[in-house]
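J.: What follows is a single structure, and I will ask about it in a moment.
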Amino acid sequence: MSSETSPQSPVPSSPGGEPSKPRVAVVFGGRSSEHGISVVTAGAVMRAIDRTKYDVLPIGITRDGRWALTTDDPERMAITDRALPDVDQLAESAEGGVVLPVDPGNREVVYAEPGSVPKALGEVDVVFPVLHGPYGEDGTLQGLLELSGTPYVGSGVLASAVGQDKEYMKRVFTSFGLRVGPYVVIRPREWAEDRDMARKKIVEFAGEHGWPLFVKPARAGSSIGITKVESFEGLDEAIEEAQRHDPKILVEALLRGREIECGVLEFEDGPRASLPAEIPPVSDHAFYDFEAKYIDSASGIVPAPLTAEQTADVQRLAVEAFEAAACEGLVRADFFLTDDGQFVINEINTMPGFTPISMYPRMWQESGVGYAELVDRLLQAALRRPTGLR
């Protein structure tokens with residue numbers, strides 16, 4: 001697919017009537033276990049934003065939830081010596097906080113430090129939230145932005161919540177006729193009140209589908225907290241690891257086949273799918289985990305070596321998943337191509353990894369949309385989209 005020129009959004013005016021550039025608040029970090037990779041993603045996005053078209057306001061959310069004004073230096077937001085960056089390292093003050101408005105008639109952002117008069121930072125025209133996981137990608141931030149009437153990149157409250165909760169995501173997909181793999185859910189109360197019964201539930205599931213099983217947090221991402229369990233002996237430890245990130249647990253059967261991913265991007269005429277990618281088996285890891293994705297940079301194959309018919313099928317299914325969950329802006333849809341030749345959807349990511357080496361930008365690069373244009377398209381789509389119910 002060839003690239004296209006992004007349409008111009010309405011240009012805001014300065015107080016004197018002069019045209020001014022739209023102001024983008026890039027919000028990143030957050031309270032989830034994906035804090036560090038969110039900072040890396042923000043650095044890549046800020047580096048790609050065309051400063052001749054947009055002004056940028058970097059806002060980092062610390063691990064304890066403080067909204068901080070941070071550096072505008074993307075170089076300080078990269079992985080260094082296998083260590084992920086942190087918002088506290090980038091904040092201009094250890095105590096100052098940024099406050100977004102909740103009045104739809106006022107988009108003025110305020111910065112305040114203890115003992116000082118609050119300082120206005122100007123209005124924000126659009127927010128680019130590059131948070132991953134709970135308290136950012138799960139509809140909570142999206143709800144705040146809806147209350148304030150501020151346009152933002154990506155899916156709304158419902159789609160973000162569905163995309164974060166793997167159980168309800170699968171329920172939505174099933175209701176729309178998309179094929180999902182076998183799974184069982186262990187809710188917090190089940191584990192807290194009767195562990196023997198919860199274990200029995202998993203053992204019966206394993207008896208039907210076999211070992212190994214994958215035990216994962218139901219509402220986390222970037223493969224954090226996931227354990228491949230080969231037998232009953234490793235079950236409790238895997239559940240404890242998953243519950244470090246989410247009290248609700250999802251247990252999935254092993255699907256034998258190839259891992260295929262496909263990007264979806266919202267264009268003016270509706271969502272379109274990218275060329276798909278394949279994630280080959282990783283020899284130094286039990287599965288495609290966080291270390292393989294972000295630290296060791298295990299590389300996917302783009303485009304995936306599929307037949308034309310298979311490529312068309314997975315692109316169609318990716319768009320169907322996007323529509324089923326009522327998504328907006330962007331999605332990465334992850335599938336298994338099973339040994340019987342069927343595509344099974346594993347999950348969607350409403351704010352996928354977005355560094356230049358991440359699969360979502362790479363798939364669109366191969367599809368004719370480069371990284372900087374991808375960022376611009378998402379901002380333009382957000383500026384065009386009406387706020388509120390739609």
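Within each chain, counting starts at residue 1; across the structure tokens, chains are named A, B, ... in the order shown, with ligands numbered 1 upward in that order.
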Leaving out Ala273 of chain A and any residue of its chain fewer than 5 positions from it, which residues lie within 12 Å of it when counting only C-alpha atoms, given as JSON, numbers by chain?
T.: {"A": [1, 261, 262, 263, 264, 265, 266, 267, 311, 312, 313, 314, 315, 316, 317, 318, 319, 320, 321, 322, 323, 329, 330, 331, 332, 333, 360, 363, 364, 366, 367, 368, 369]}
J.: Would you list the contacts of Leu378 of chain A as a compact mmCIF listing (two decimals) with C-alpha atoms, in the first residue's frame, taking every protein, DNA or RNA residue within 7 Å and counting only C-alpha atoms, but skipping same-chain residues closer than 4 positions in sequence?
T.:
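The resulting file, part29.txt, is shown below:
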# COMPACT_ATOMS: atom_id res chain seq x y z
CA VAL A 153 -5.05 9.43 20.12
CA GLY A 329 -6.98 5.04 15.88
CA LEU A 374 2.26 7.12 11.28
CA ALA A 382 -7.53 12.49 16.90
J.: To one decimal place, how far is atom CA of Asn349 of chain A from atom CA of Gln164 of chain A in Å?
T.: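 Going from atom CA of Asn349 of chain A over to atom CA of Gln164 of chain A, I get 7.6 Å.
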J.: Can you tell me which residues surround segment 34-43 of chain A at a distance of at most 10 Å, considering only C-alpha atoms, apart from same-chain residues fewer than 6 positions away, and format the answer as a count of residues only?
T.: 44
J.: With distances taken over only C-alpha atoms, which of A:Leu100, A:Phe232, A:Pro361, A:Thr350 is nearest to Val375 of chain A?
T.: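 Going through A:Leu100, A:Phe232, A:Pro361, A:Thr350 one by one, the smallest distance to Val375 of chain A is for A:Pro361.
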J.: To one decimal place in Å, what is the distance between atom CA of Lys21 of chain A and atom CA of Thr52 of chain A?
T.: 7.9 Å
J.: May I ask for the distance between atom CA of Met359 of chain A and atom CA of Glu347 of chain A, given in Å to one decimal place?
T.: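 Between these atoms lies a distance of 14.6 Å.
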J.: So which one's closest to Leu121 of chain A, A:Gly97, A:Gly207, A:Gly143, A:Gly149? Using only C-alpha atoms, please.
T.: A:Gly97
J.: Pick from A:Glu123, A:Leu144, A:Ala159, A:Gly115: nearest to Val102 of chain A, with only C-alpha atoms counted?
T.: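 Smallest distance to Val102 of chain A is found for A:Leu144.
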J.: Go through segment 8-246 of chain A and collect every residue that DSSP, computed from the backbone, puts in helix (DSSP H, G or I); the answer should be as a PDB file with C-alpha atoms, in the first residue's frame.
T.:
ATOM      1  CA  HIS A  35       6.067   2.030  33.125  1.00  0.00           C
ATOM      2  CA  GLY A  36       9.560   1.805  31.636  1.00  0.00           C
ATOM      3  CA  ILE A  37       8.584   0.677  28.158  1.00  0.00           C
ATOM      4  CA  SER A  38       5.994   3.463  28.078  1.00  0.00           C
ATOM      5  CA  VAL A  39       8.808   5.971  28.628  1.00  0.00           C
ATOM      6  CA  VAL A  40      10.804   4.400  25.782  1.00  0.00           C
ATOM      7  CA  THR A  41       7.755   4.604  23.520  1.00  0.00           C
ATOM      8  CA  ALA A  42       7.215   8.265  24.423  1.00  0.00           C
ATOM      9  CA  GLY A  43      10.805   9.088  23.532  1.00  0.00           C
ATOM     10  CA  ALA A  44      10.366   7.565  20.091  1.00  0.00           C
ATOM     11  CA  VAL A  45       7.070   9.378  19.506  1.00  0.00           C
ATOM     12  CA  MET A  46       8.484  12.727  20.631  1.00  0.00           C
ATOM     13  CA  ARG A  47      11.469  12.270  18.360  1.00  0.00           C
ATOM     14  CA  ALA A  48       9.148  11.638  15.399  1.00  0.00           C
ATOM     15  CA  PRO A  74      14.124  11.804  23.710  1.00  0.00           C
ATOM     16  CA  GLU A  75      17.729  10.616  24.047  1.00  0.00           C
ATOM     17  CA  ARG A  76      17.281  10.358  27.827  1.00  0.00           C
ATOM     18  CA  MET A  77      14.226   8.147  27.340  1.00  0.00           C
ATOM     19  CA  VAL A  87       9.771   9.250  34.866  1.00  0.00           C
ATOM     20  CA  ASP A  88      11.352  10.240  38.195  1.00  0.00           C
ATOM     21  CA  GLN A  89      14.706  10.478  36.394  1.00  0.00           C
ATOM     22  CA  LEU A  90      13.198  12.831  33.800  1.00  0.00           C
ATOM     23  CA  THR A 140      -9.204   5.282  32.969  1.00  0.00           C
ATOM     24  CA  LEU A 141      -7.164   8.044  31.312  1.00  0.00           C
ATOM     25  CA  GLN A 142      -9.516   8.026  28.344  1.00  0.00           C
ATOM     26  CA  GLY A 143     -12.416   8.720  30.712  1.00  0.00           C
ATOM     27  CA  LEU A 144     -10.580  11.701  32.197  1.00  0.00           C
ATOM     28  CA  LEU A 145      -9.914  13.098  28.723  1.00  0.00           C
ATOM     29  CA  GLU A 146     -13.559  12.586  27.740  1.00  0.00           C
ATOM     30  CA  LEU A 147     -14.637  14.548  30.826  1.00  0.00           C
ATOM     31  CA  SER A 148     -12.328  17.397  29.862  1.00  0.00           C
ATOM     32  CA  VAL A 157     -13.219   4.166  27.169  1.00  0.00           C
ATOM     33  CA  LEU A 158     -15.057   0.976  26.195  1.00  0.00           C
ATOM     34  CA  ALA A 159     -12.566  -0.319  23.647  1.00  0.00           C
ATOM     35  CA  SER A 160      -9.641   0.500  25.911  1.00  0.00           C
ATOM     36  CA  ALA A 161     -11.223  -1.396  28.815  1.00  0.00           C
ATOM     37  CA  VAL A 162     -12.078  -4.392  26.615  1.00  0.00           C
ATOM     38  CA  GLY A 163      -8.595  -4.385  25.098  1.00  0.00           C
ATOM     39  CA  GLN A 164      -7.008  -4.446  28.547  1.00  0.00           C
ATOM     40  CA  LYS A 166      -8.137 -10.506  28.257  1.00  0.00           C
ATOM     41  CA  GLU A 167     -11.188 -12.361  29.547  1.00  0.00           C
ATOM     42  CA  TYR A 168     -13.759  -9.875  28.304  1.00  0.00           C
ATOM     43  CA  MET A 169     -11.796  -9.302  25.121  1.00  0.00           C
ATOM     44  CA  LYS A 170     -12.185 -12.990  24.319  1.00  0.00           C
ATOM     45  CA  ARG A 171     -15.879 -12.871  25.219  1.00  0.00           C
ATOM     46  CA  VAL A 172     -16.412  -9.967  22.813  1.00  0.00           C
ATOM     47  CA  PHE A 173     -14.508 -11.728  20.026  1.00  0.00           C
ATOM     48  CA  THR A 174     -16.493 -14.920  20.518  1.00  0.00           C
ATOM     49  CA  SER A 175     -19.781 -13.007  20.360  1.00  0.00           C
ATOM     50  CA  PRO A 188      -9.513 -13.153  42.905  1.00  0.00           C
ATOM     51  CA  ARG A 189     -12.244 -14.453  45.216  1.00  0.00           C
ATOM     52  CA  GLU A 190     -11.854 -18.014  43.904  1.00  0.00           C
ATOM     53  CA  TRP A 191      -8.150 -18.084  44.757  1.00  0.00           C
ATOM     54  CA  ALA A 192      -8.596 -16.296  48.074  1.00  0.00           C
ATOM     55  CA  GLU A 193     -11.465 -18.455  49.375  1.00  0.00           C
ATOM     56  CA  ARG A 195      -7.395 -22.579  46.429  1.00  0.00           C
ATOM     57  CA  ASP A 196      -7.962 -26.317  46.197  1.00  0.00           C
ATOM     58  CA  MET A 197     -11.080 -25.771  44.112  1.00  0.00           C
ATOM     59  CA  ALA A 198      -9.250 -23.245  41.907  1.00  0.00           C
ATOM     60  CA  ARG A 199      -6.380 -25.697  41.385  1.00  0.00           C
ATOM     61  CA  LYS A 200      -8.877 -28.437  40.531  1.00  0.00           C
ATOM     62  CA  LYS A 201     -10.458 -26.152  37.940  1.00  0.00           C
ATOM     63  CA  ILE A 202      -7.082 -25.654  36.262  1.00  0.00           C
ATOM     64  CA  VAL A 203      -6.146 -29.344  36.480  1.00  0.00           C
ATOM     65  CA  GLU A 204      -9.426 -30.319  34.823  1.00  0.00           C
ATOM     66  CA  PHE A 205      -8.692 -27.756  32.101  1.00  0.00           C
ATOM     67  CA  ALA A 206      -5.208 -29.266  31.643  1.00  0.00           C
ATOM     68  CA  GLY A 207      -6.771 -32.730  31.496  1.00  0.00           C
ATOM     69  CA  GLU A 208      -8.861 -31.574  28.553  1.00  0.00           C
ATOM     70  CA  HIS A 209      -6.230 -29.533  26.711  1.00  0.00           C
ATOM     71  CA  PHE A 232       1.025 -29.123  38.278  1.00  0.00           C
ATOM     72  CA  GLU A 233       4.149 -28.575  40.417  1.00  0.00           C
ATOM     73  CA  GLY A 234       4.788 -25.136  38.915  1.00  0.00           C
ATOM     74  CA  LEU A 235       1.220 -23.912  39.135  1.00  0.00           C
ATOM     75  CA  ASP A 236       1.175 -22.066  42.478  1.00  0.00           C
ATOM     76  CA  GLU A 237       4.388 -20.214  41.751  1.00  0.00           C
ATOM     77  CA  ALA A 238       3.052 -19.128  38.341  1.00  0.00           C
ATOM     78  CA  ILE A 239      -0.191 -17.878  39.874  1.00  0.00           C
ATOM     79  CA  GLU A 240       1.703 -15.898  42.516  1.00  0.00           C
ATOM     80  CA  GLU A 241       3.857 -14.315  39.798  1.00  0.00           C
ATOM     81  CA  ALA A 242       0.795 -13.362  37.730  1.00  0.00           C
ATOM     82  CA  GLN A 243      -0.971 -11.946  40.798  1.00  0.00           C
TER      83      GLN A 243
END
